[in-house]
file structure_2.cif (mmCIF, N, CA and C atoms)
data_upload
loop_
_atom_site.label_atom_id
_atom_site.label_comp_id
_atom_site.auth_asym_id
_atom_site.auth_seq_id
_atom_site.Cartn_x
_atom_site.Cartn_y
_atom_site.Cartn_z
N MET P 1 -26.00 -88.05 15.54
CA MET P 1 -26.13 -88.15 14.11
C MET P 1 -24.89 -88.81 13.55
N THR P 2 -25.11 -89.64 12.55
CA THR P 2 -24.03 -90.44 12.00
C THR P 2 -23.77 -90.07 10.55
N CYS P 3 -22.51 -90.04 10.18
CA CYS P 3 -22.10 -89.86 8.79
C CYS P 3 -21.92 -91.22 8.15
N TYR P 4 -22.11 -91.28 6.85
CA TYR P 4 -21.97 -92.53 6.12
C TYR P 4 -21.06 -92.31 4.92
N GLY P 5 -20.16 -93.25 4.69
CA GLY P 5 -19.32 -93.21 3.51
C GLY P 5 -20.03 -93.94 2.38
N TYR P 6 -20.08 -93.30 1.20
CA TYR P 6 -20.77 -93.91 0.06
C TYR P 6 -20.14 -93.40 -1.22
N ARG P 7 -19.47 -94.27 -1.97
CA ARG P 7 -18.86 -93.96 -3.26
C ARG P 7 -17.95 -92.73 -3.22
N GLY P 8 -17.17 -92.62 -2.17
CA GLY P 8 -16.22 -91.53 -2.06
C GLY P 8 -16.79 -90.24 -1.49
N PHE P 9 -18.06 -90.25 -1.09
CA PHE P 9 -18.70 -89.08 -0.49
C PHE P 9 -19.02 -89.38 0.97
N CYS P 10 -19.07 -88.34 1.77
CA CYS P 10 -19.52 -88.45 3.15
C CYS P 10 -20.96 -87.96 3.19
N LEU P 11 -21.89 -88.85 3.47
CA LEU P 11 -23.31 -88.51 3.51
C LEU P 11 -23.72 -88.22 4.94
N PHE P 12 -24.46 -87.13 5.14
CA PHE P 12 -24.93 -86.75 6.46
C PHE P 12 -26.45 -86.58 6.38
N PRO P 13 -27.23 -87.59 6.81
CA PRO P 13 -28.69 -87.50 6.70
C PRO P 13 -29.29 -86.46 7.64
N ILE P 14 -30.26 -85.71 7.11
CA ILE P 14 -31.04 -84.72 7.86
C ILE P 14 -32.51 -84.94 7.47
N ASP P 15 -33.42 -84.51 8.30
CA ASP P 15 -34.85 -84.60 8.02
C ASP P 15 -35.34 -86.05 7.93
N GLY P 16 -34.67 -86.97 8.56
CA GLY P 16 -35.10 -88.36 8.55
C GLY P 16 -34.83 -89.09 7.24
N ALA P 17 -33.96 -88.56 6.43
CA ALA P 17 -33.64 -89.20 5.16
C ALA P 17 -32.77 -90.43 5.40
N PRO P 18 -33.12 -91.56 4.81
CA PRO P 18 -32.31 -92.76 5.02
C PRO P 18 -31.08 -92.76 4.12
N PRO P 19 -29.97 -93.34 4.59
CA PRO P 19 -28.80 -93.47 3.72
C PRO P 19 -29.06 -94.57 2.68
N PRO P 20 -28.36 -94.57 1.58
CA PRO P 20 -28.57 -95.60 0.55
C PRO P 20 -28.01 -96.95 0.99
N ASP P 21 -28.42 -97.98 0.31
CA ASP P 21 -27.86 -99.31 0.56
C ASP P 21 -26.38 -99.29 0.22
N GLY P 22 -25.58 -99.89 1.05
CA GLY P 22 -24.15 -99.94 0.83
C GLY P 22 -23.38 -98.84 1.53
N ALA P 23 -24.06 -97.93 2.19
CA ALA P 23 -23.38 -96.86 2.92
C ALA P 23 -22.92 -97.40 4.27
N VAL P 24 -21.71 -97.03 4.66
CA VAL P 24 -21.15 -97.52 5.93
C VAL P 24 -20.87 -96.34 6.85
N PRO P 25 -21.10 -96.48 8.15
CA PRO P 25 -20.82 -95.39 9.10
C PRO P 25 -19.34 -95.01 9.07
N CYS P 26 -19.08 -93.70 9.21
CA CYS P 26 -17.70 -93.22 9.17
C CYS P 26 -17.61 -91.88 9.90
N GLU P 27 -16.41 -91.36 10.00
CA GLU P 27 -16.15 -90.04 10.54
C GLU P 27 -16.37 -89.02 9.41
N PRO P 28 -16.75 -87.79 9.71
CA PRO P 28 -16.97 -86.79 8.66
C PRO P 28 -15.70 -86.48 7.87
N PHE P 29 -15.86 -86.34 6.56
CA PHE P 29 -14.76 -85.96 5.67
C PHE P 29 -15.34 -85.21 4.47
N ALA P 30 -14.49 -84.57 3.72
CA ALA P 30 -14.92 -83.87 2.50
C ALA P 30 -14.69 -84.81 1.32
N PRO P 31 -15.52 -84.81 0.33
CA PRO P 31 -16.69 -84.00 0.06
C PRO P 31 -17.90 -84.46 0.88
N LEU P 32 -18.57 -83.48 1.46
CA LEU P 32 -19.71 -83.72 2.34
C LEU P 32 -21.01 -83.46 1.59
N VAL P 33 -21.96 -84.39 1.71
CA VAL P 33 -23.27 -84.26 1.08
C VAL P 33 -24.33 -84.45 2.15
N PHE P 34 -25.16 -83.42 2.36
CA PHE P 34 -26.28 -83.55 3.28
C PHE P 34 -27.42 -84.22 2.54
N VAL P 35 -27.96 -85.29 3.12
CA VAL P 35 -29.07 -86.01 2.51
C VAL P 35 -30.34 -85.52 3.19
N VAL P 36 -31.22 -84.90 2.39
CA VAL P 36 -32.45 -84.33 2.92
C VAL P 36 -33.65 -85.03 2.28
N ARG P 37 -34.79 -84.83 2.89
CA ARG P 37 -36.03 -85.42 2.40
C ARG P 37 -37.08 -84.30 2.37
N ARG P 38 -37.32 -83.75 1.17
CA ARG P 38 -38.24 -82.63 1.03
C ARG P 38 -39.15 -82.85 -0.17
N ASP P 39 -40.25 -82.11 -0.20
CA ASP P 39 -41.23 -82.21 -1.28
C ASP P 39 -40.57 -81.89 -2.62
N PRO P 40 -40.57 -82.83 -3.58
CA PRO P 40 -39.88 -82.57 -4.84
C PRO P 40 -40.54 -81.50 -5.70
N LEU P 41 -41.79 -81.19 -5.44
CA LEU P 41 -42.47 -80.14 -6.21
C LEU P 41 -42.10 -78.74 -5.73
N ARG P 42 -41.55 -78.65 -4.53
CA ARG P 42 -41.24 -77.34 -3.95
C ARG P 42 -39.78 -77.20 -3.55
N SER P 43 -38.96 -78.16 -3.86
CA SER P 43 -37.56 -78.11 -3.43
C SER P 43 -36.64 -78.49 -4.58
N ARG P 44 -35.41 -78.06 -4.45
CA ARG P 44 -34.39 -78.39 -5.45
C ARG P 44 -33.90 -79.81 -5.23
N GLY P 45 -33.35 -80.42 -6.27
CA GLY P 45 -32.82 -81.77 -6.17
C GLY P 45 -31.43 -81.81 -5.56
N VAL P 46 -30.55 -80.96 -6.06
CA VAL P 46 -29.17 -80.87 -5.57
C VAL P 46 -28.81 -79.39 -5.52
N PHE P 47 -28.21 -78.96 -4.42
CA PHE P 47 -27.78 -77.58 -4.35
C PHE P 47 -26.55 -77.46 -3.47
N ALA P 48 -25.78 -76.41 -3.72
CA ALA P 48 -24.55 -76.16 -2.97
C ALA P 48 -24.89 -75.56 -1.62
N VAL P 49 -24.07 -75.89 -0.63
CA VAL P 49 -24.24 -75.37 0.73
C VAL P 49 -22.90 -74.75 1.14
N ASN P 50 -22.91 -73.42 1.30
CA ASN P 50 -21.70 -72.73 1.74
C ASN P 50 -21.81 -72.24 3.17
N HIS P 51 -22.99 -72.34 3.74
CA HIS P 51 -23.25 -71.93 5.11
C HIS P 51 -24.31 -72.87 5.66
N VAL P 52 -24.17 -73.30 6.90
CA VAL P 52 -25.10 -74.28 7.48
C VAL P 52 -26.54 -73.76 7.46
N GLY P 53 -26.72 -72.45 7.55
CA GLY P 53 -28.06 -71.87 7.53
C GLY P 53 -28.80 -72.12 6.23
N GLU P 54 -28.08 -72.34 5.13
CA GLU P 54 -28.71 -72.59 3.84
C GLU P 54 -29.48 -73.91 3.82
N LEU P 55 -29.13 -74.83 4.69
CA LEU P 55 -29.83 -76.12 4.73
C LEU P 55 -31.26 -75.98 5.25
N PHE P 56 -31.49 -75.03 6.10
CA PHE P 56 -32.76 -74.95 6.80
C PHE P 56 -33.63 -73.79 6.33
N GLU P 57 -33.23 -73.09 5.26
CA GLU P 57 -34.04 -72.02 4.70
C GLU P 57 -35.20 -72.62 3.92
N GLY P 58 -36.28 -71.86 3.84
CA GLY P 58 -37.37 -72.27 2.98
C GLY P 58 -37.03 -72.01 1.53
N GLU P 59 -37.70 -72.70 0.64
CA GLU P 59 -37.48 -72.50 -0.79
C GLU P 59 -38.27 -71.27 -1.22
N GLY P 60 -37.68 -70.40 -1.99
CA GLY P 60 -38.37 -69.21 -2.46
C GLY P 60 -37.42 -68.05 -2.61
N PRO P 61 -37.98 -66.84 -2.73
CA PRO P 61 -37.14 -65.67 -2.94
C PRO P 61 -36.16 -65.38 -1.81
N GLN P 62 -36.45 -65.86 -0.60
CA GLN P 62 -35.55 -65.60 0.53
C GLN P 62 -34.19 -66.27 0.34
N LEU P 63 -34.07 -67.16 -0.65
CA LEU P 63 -32.77 -67.77 -0.93
C LEU P 63 -31.77 -66.76 -1.46
N LEU P 64 -32.26 -65.62 -1.95
CA LEU P 64 -31.37 -64.59 -2.47
C LEU P 64 -30.70 -63.78 -1.37
N LEU P 65 -31.25 -63.86 -0.16
CA LEU P 65 -30.70 -63.12 0.97
C LEU P 65 -29.62 -63.95 1.68
N PRO P 66 -28.73 -63.33 2.41
CA PRO P 66 -27.75 -64.10 3.18
C PRO P 66 -28.46 -65.02 4.17
N PRO P 67 -27.94 -66.22 4.38
CA PRO P 67 -28.60 -67.16 5.30
C PRO P 67 -28.56 -66.68 6.74
N ALA P 68 -29.60 -67.02 7.47
CA ALA P 68 -29.67 -66.67 8.89
C ALA P 68 -28.90 -67.70 9.71
N GLU P 69 -28.44 -67.29 10.87
CA GLU P 69 -27.78 -68.23 11.77
C GLU P 69 -28.79 -69.27 12.24
N THR P 70 -28.33 -70.46 12.42
CA THR P 70 -29.21 -71.54 12.86
C THR P 70 -28.67 -72.16 14.13
N ASP P 71 -29.58 -72.67 14.93
CA ASP P 71 -29.16 -73.36 16.15
C ASP P 71 -29.30 -74.87 15.98
N ALA P 72 -29.24 -75.34 14.75
CA ALA P 72 -29.36 -76.78 14.48
C ALA P 72 -28.21 -77.52 15.16
N ALA P 73 -28.53 -78.69 15.66
CA ALA P 73 -27.54 -79.50 16.39
C ALA P 73 -26.70 -80.31 15.40
N LEU P 74 -25.75 -79.64 14.77
CA LEU P 74 -24.82 -80.34 13.89
C LEU P 74 -23.48 -80.43 14.60
N PRO P 75 -22.78 -81.55 14.44
CA PRO P 75 -21.46 -81.67 15.07
C PRO P 75 -20.49 -80.59 14.58
N ASP P 76 -19.59 -80.22 15.43
CA ASP P 76 -18.60 -79.19 15.07
C ASP P 76 -17.74 -79.62 13.90
N SER P 77 -17.44 -80.91 13.78
CA SER P 77 -16.62 -81.38 12.67
C SER P 77 -17.34 -81.18 11.34
N VAL P 78 -18.66 -81.36 11.33
CA VAL P 78 -19.44 -81.15 10.10
C VAL P 78 -19.50 -79.67 9.76
N ARG P 79 -19.71 -78.83 10.77
CA ARG P 79 -19.73 -77.38 10.54
C ARG P 79 -18.38 -76.90 10.00
N ALA P 80 -17.30 -77.45 10.51
CA ALA P 80 -15.97 -77.06 10.05
C ALA P 80 -15.76 -77.42 8.58
N ILE P 81 -16.24 -78.58 8.16
CA ILE P 81 -16.10 -78.98 6.75
C ILE P 81 -16.88 -78.04 5.86
N VAL P 82 -18.09 -77.67 6.27
CA VAL P 82 -18.91 -76.75 5.47
C VAL P 82 -18.22 -75.40 5.35
N GLU P 83 -17.65 -74.90 6.43
CA GLU P 83 -16.98 -73.59 6.40
C GLU P 83 -15.71 -73.61 5.56
N GLN P 84 -14.96 -74.71 5.61
CA GLN P 84 -13.68 -74.78 4.90
C GLN P 84 -13.83 -75.20 3.45
N CYS P 85 -14.65 -76.23 3.20
CA CYS P 85 -14.71 -76.83 1.86
C CYS P 85 -16.04 -76.64 1.15
N GLY P 86 -17.08 -76.27 1.89
CA GLY P 86 -18.41 -76.25 1.30
C GLY P 86 -18.98 -77.66 1.28
N ALA P 87 -20.22 -77.77 0.88
CA ALA P 87 -20.89 -79.06 0.84
C ALA P 87 -21.99 -79.00 -0.21
N ALA P 88 -22.76 -80.06 -0.30
CA ALA P 88 -23.91 -80.12 -1.19
C ALA P 88 -25.07 -80.73 -0.41
N ALA P 89 -26.27 -80.50 -0.89
CA ALA P 89 -27.46 -81.13 -0.32
C ALA P 89 -28.13 -81.91 -1.43
N LEU P 90 -28.58 -83.12 -1.12
CA LEU P 90 -29.19 -84.02 -2.08
C LEU P 90 -30.56 -84.42 -1.57
N ASN P 91 -31.61 -84.14 -2.34
CA ASN P 91 -32.98 -84.45 -1.95
C ASN P 91 -33.31 -85.87 -2.41
N THR P 92 -33.55 -86.77 -1.46
CA THR P 92 -33.80 -88.17 -1.79
C THR P 92 -35.22 -88.44 -2.26
N GLU P 93 -36.08 -87.42 -2.26
CA GLU P 93 -37.44 -87.61 -2.77
C GLU P 93 -37.45 -87.69 -4.29
N PHE P 94 -36.37 -87.29 -4.93
CA PHE P 94 -36.25 -87.47 -6.37
C PHE P 94 -35.83 -88.92 -6.62
N SER P 95 -36.44 -89.55 -7.61
CA SER P 95 -36.25 -90.99 -7.81
C SER P 95 -34.82 -91.36 -8.15
N ARG P 96 -34.08 -90.52 -8.83
CA ARG P 96 -32.72 -90.85 -9.25
C ARG P 96 -31.68 -90.04 -8.49
N ALA P 97 -31.95 -89.75 -7.23
CA ALA P 97 -31.07 -88.88 -6.46
C ALA P 97 -29.65 -89.42 -6.36
N PHE P 98 -29.50 -90.69 -6.06
CA PHE P 98 -28.15 -91.22 -5.86
C PHE P 98 -27.42 -91.46 -7.17
N GLU P 99 -28.14 -91.48 -8.29
CA GLU P 99 -27.47 -91.55 -9.59
C GLU P 99 -26.75 -90.23 -9.88
N VAL P 100 -27.27 -89.13 -9.32
CA VAL P 100 -26.62 -87.84 -9.48
C VAL P 100 -25.23 -87.86 -8.83
N LEU P 101 -25.13 -88.53 -7.67
CA LEU P 101 -23.82 -88.63 -7.02
C LEU P 101 -22.82 -89.35 -7.91
N ALA P 102 -23.28 -90.40 -8.59
CA ALA P 102 -22.38 -91.13 -9.48
C ALA P 102 -21.92 -90.22 -10.62
N ALA P 103 -22.82 -89.37 -11.12
CA ALA P 103 -22.45 -88.45 -12.19
C ALA P 103 -21.49 -87.38 -11.69
N LEU P 104 -21.66 -86.94 -10.44
CA LEU P 104 -20.76 -85.93 -9.88
C LEU P 104 -19.36 -86.46 -9.65
N SER P 105 -19.26 -87.74 -9.34
CA SER P 105 -17.95 -88.32 -9.05
C SER P 105 -17.20 -88.75 -10.31
N ALA P 106 -17.91 -88.90 -11.43
CA ALA P 106 -17.25 -89.31 -12.67
C ALA P 106 -16.49 -88.14 -13.26
N PRO P 107 -15.31 -88.40 -13.82
CA PRO P 107 -14.58 -87.30 -14.45
C PRO P 107 -15.35 -86.83 -15.68
N PRO P 108 -15.30 -85.54 -15.98
CA PRO P 108 -16.04 -85.04 -17.14
C PRO P 108 -15.47 -85.62 -18.43
N ALA P 109 -16.35 -85.88 -19.37
CA ALA P 109 -15.92 -86.42 -20.66
C ALA P 109 -15.20 -85.32 -21.44
N ARG P 110 -14.08 -85.68 -22.02
CA ARG P 110 -13.34 -84.71 -22.81
C ARG P 110 -13.92 -84.69 -24.22
N PRO P 111 -14.02 -83.53 -24.80
CA PRO P 111 -14.62 -83.44 -26.14
C PRO P 111 -13.68 -83.97 -27.23
N VAL P 112 -14.29 -84.35 -28.33
CA VAL P 112 -13.56 -84.79 -29.51
C VAL P 112 -13.74 -83.70 -30.56
N ILE P 113 -12.64 -83.20 -31.09
CA ILE P 113 -12.67 -82.14 -32.10
C ILE P 113 -12.22 -82.73 -33.43
N THR P 114 -13.01 -82.49 -34.48
CA THR P 114 -12.64 -82.91 -35.81
C THR P 114 -12.41 -81.66 -36.65
N ILE P 115 -11.20 -81.51 -37.15
CA ILE P 115 -10.85 -80.37 -38.00
C ILE P 115 -10.68 -80.91 -39.40
N VAL P 116 -11.53 -80.44 -40.31
CA VAL P 116 -11.47 -80.89 -41.70
C VAL P 116 -10.61 -79.88 -42.46
N GLY P 117 -9.51 -80.37 -42.96
CA GLY P 117 -8.60 -79.51 -43.71
C GLY P 117 -7.70 -78.73 -42.78
N LEU P 118 -6.43 -78.77 -43.05
CA LEU P 118 -5.48 -78.03 -42.23
C LEU P 118 -4.91 -76.85 -43.02
N GLY P 119 -5.82 -76.04 -43.53
CA GLY P 119 -5.39 -74.81 -44.19
C GLY P 119 -5.02 -73.79 -43.13
N ASP P 120 -5.11 -72.53 -43.48
CA ASP P 120 -4.75 -71.47 -42.54
C ASP P 120 -5.64 -71.50 -41.30
N VAL P 121 -6.94 -71.60 -41.50
CA VAL P 121 -7.88 -71.56 -40.38
C VAL P 121 -7.77 -72.81 -39.52
N GLY P 122 -7.75 -73.99 -40.12
CA GLY P 122 -7.67 -75.24 -39.37
C GLY P 122 -6.38 -75.37 -38.59
N ALA P 123 -5.26 -75.01 -39.23
CA ALA P 123 -3.95 -75.10 -38.56
C ALA P 123 -3.87 -74.12 -37.40
N THR P 124 -4.41 -72.91 -37.59
CA THR P 124 -4.39 -71.91 -36.52
C THR P 124 -5.26 -72.36 -35.35
N THR P 125 -6.41 -72.93 -35.65
CA THR P 125 -7.31 -73.44 -34.60
C THR P 125 -6.63 -74.56 -33.81
N LEU P 126 -6.03 -75.51 -34.51
CA LEU P 126 -5.36 -76.62 -33.84
C LEU P 126 -4.18 -76.12 -33.00
N LEU P 127 -3.39 -75.22 -33.53
CA LEU P 127 -2.25 -74.68 -32.80
C LEU P 127 -2.73 -73.92 -31.56
N GLY P 128 -3.76 -73.11 -31.71
CA GLY P 128 -4.30 -72.36 -30.57
C GLY P 128 -4.82 -73.27 -29.48
N MET P 129 -5.50 -74.35 -29.84
CA MET P 129 -6.04 -75.27 -28.83
C MET P 129 -4.91 -75.98 -28.09
N LYS P 130 -3.85 -76.34 -28.81
CA LYS P 130 -2.72 -77.00 -28.14
C LYS P 130 -1.98 -76.03 -27.23
N LEU P 131 -1.80 -74.80 -27.66
CA LEU P 131 -1.09 -73.82 -26.84
C LEU P 131 -1.88 -73.41 -25.60
N LEU P 132 -3.20 -73.42 -25.70
CA LEU P 132 -4.04 -73.07 -24.55
C LEU P 132 -4.21 -74.26 -23.60
N GLY P 133 -3.75 -75.43 -24.00
CA GLY P 133 -3.81 -76.59 -23.13
C GLY P 133 -5.18 -77.23 -23.07
N ALA P 134 -5.90 -77.22 -24.16
CA ALA P 134 -7.25 -77.81 -24.19
C ALA P 134 -7.15 -79.32 -23.92
N GLU P 135 -8.02 -79.82 -23.06
CA GLU P 135 -8.05 -81.24 -22.75
C GLU P 135 -8.98 -81.94 -23.74
N LEU P 136 -8.39 -82.52 -24.76
CA LEU P 136 -9.16 -83.24 -25.77
C LEU P 136 -8.85 -84.72 -25.69
N SER P 137 -9.84 -85.53 -26.01
CA SER P 137 -9.60 -86.97 -25.95
C SER P 137 -8.82 -87.44 -27.18
N ARG P 138 -9.03 -86.81 -28.33
CA ARG P 138 -8.24 -87.15 -29.52
C ARG P 138 -8.42 -86.03 -30.55
N PHE P 139 -7.52 -86.02 -31.53
CA PHE P 139 -7.59 -85.04 -32.60
C PHE P 139 -8.07 -85.71 -33.85
#
call {"tool": "encode", "arguments": {"input": "structure_2.cif", "output": "structure tokens"}}
result
Amino acid sequence: MTCYGYRGFCLFPIDGAPPPDGAVPCEPFAPLVFVVRRDPLRSRGVFAVNHVGELFEGEGPQLLLPPAETDAALPDSVRAIVEQCGAAALNTEFSRAFEVLAALSAPPARPVITIVGLGDVGATTLLGMKLLGAELSRF
């Protein structure tokens, strides 16, 4: 099994899912994304993977239980990344699956706060936001 580098992510195809155009073979690294191919009516689009067994569970109430051990043939380097850093799974049956990766890699937009009037309430709000270290794009 081969890992692919794509837009700063390490993609690891499972279930016969093809890598996207522009992906290049590479060694496993974090952030790791398992690329799966499952029925979009019965499966999630993107989900976190903290244990390798979570990749092979069925969708349904059994997701609430701890994952079972799996004998899936995954390389030890991939298993180590999942144990240390966690990973994600991306279902390519959704039409905009790889656009989600672009959204995950983009830094979050900082909010813009407009305070009308700097009376007691406005000044206290502004002072509190600055002291708490709020990340604002502008005042």
call {"tool": "residues_near_point", "arguments": {"input": "structure_2.cif", "point": "(-12.2, -82.7, 0.4)", "cutoff": "12 Å", "atoms": "only C-alpha atoms", "output": "VMD selection string"}}
result
chain P and resid 8 to 10 28 to 33 80 to 87
call {"tool": "residues_around", "arguments": {"input": "structure_2.cif", "residues": "range 50-60 of chain P", "least_positions_apart": "5", "cutoff": "9 Å", "atoms": "only C-alpha atoms", "output": "list in words"}}
result
Phe34, Val36, Arg42, Ser43, Arg44, Pro66, Pro67, Ala68, Glu69, Thr70, Asp71, Ala72, Leu74, Arg79, Val82, Glu83, Gln84, Cys85, Gly86, Ala87, Ala88 and Ala89 of chain P
call {"tool": "select_by_dssp", "arguments": {"input": "structure_2.cif", "residues": "chain P", "states": "strand (DSSP E)", "output": "ChimeraX atom specification"}}
result
/P:3-6,9-13,24-26,32-36,46-49,87-91
call {"tool": "closest_residue", "arguments": {"input": "structure_2.cif", "among": "P:Val46, P:Asp76, P:Leu11, P:Glu27", "to": "Arg96 in chain P", "atoms": "only C-alpha atoms"}}
result
P:Val46
call {"tool": "atom_distance", "arguments": {"input": "structure_2.cif", "atom1": "CA of Leu118 in chain P", "atom2": "CA of Lys130 in chain P"}}
result
14.4 Å
call {"tool": "atom_distance", "arguments": {"input": "structure_2.cif", "atom1": "atom N of Ala123 in chain P", "atom2": "atom N of Ala109 in chain P"}}
result
25.2 Å
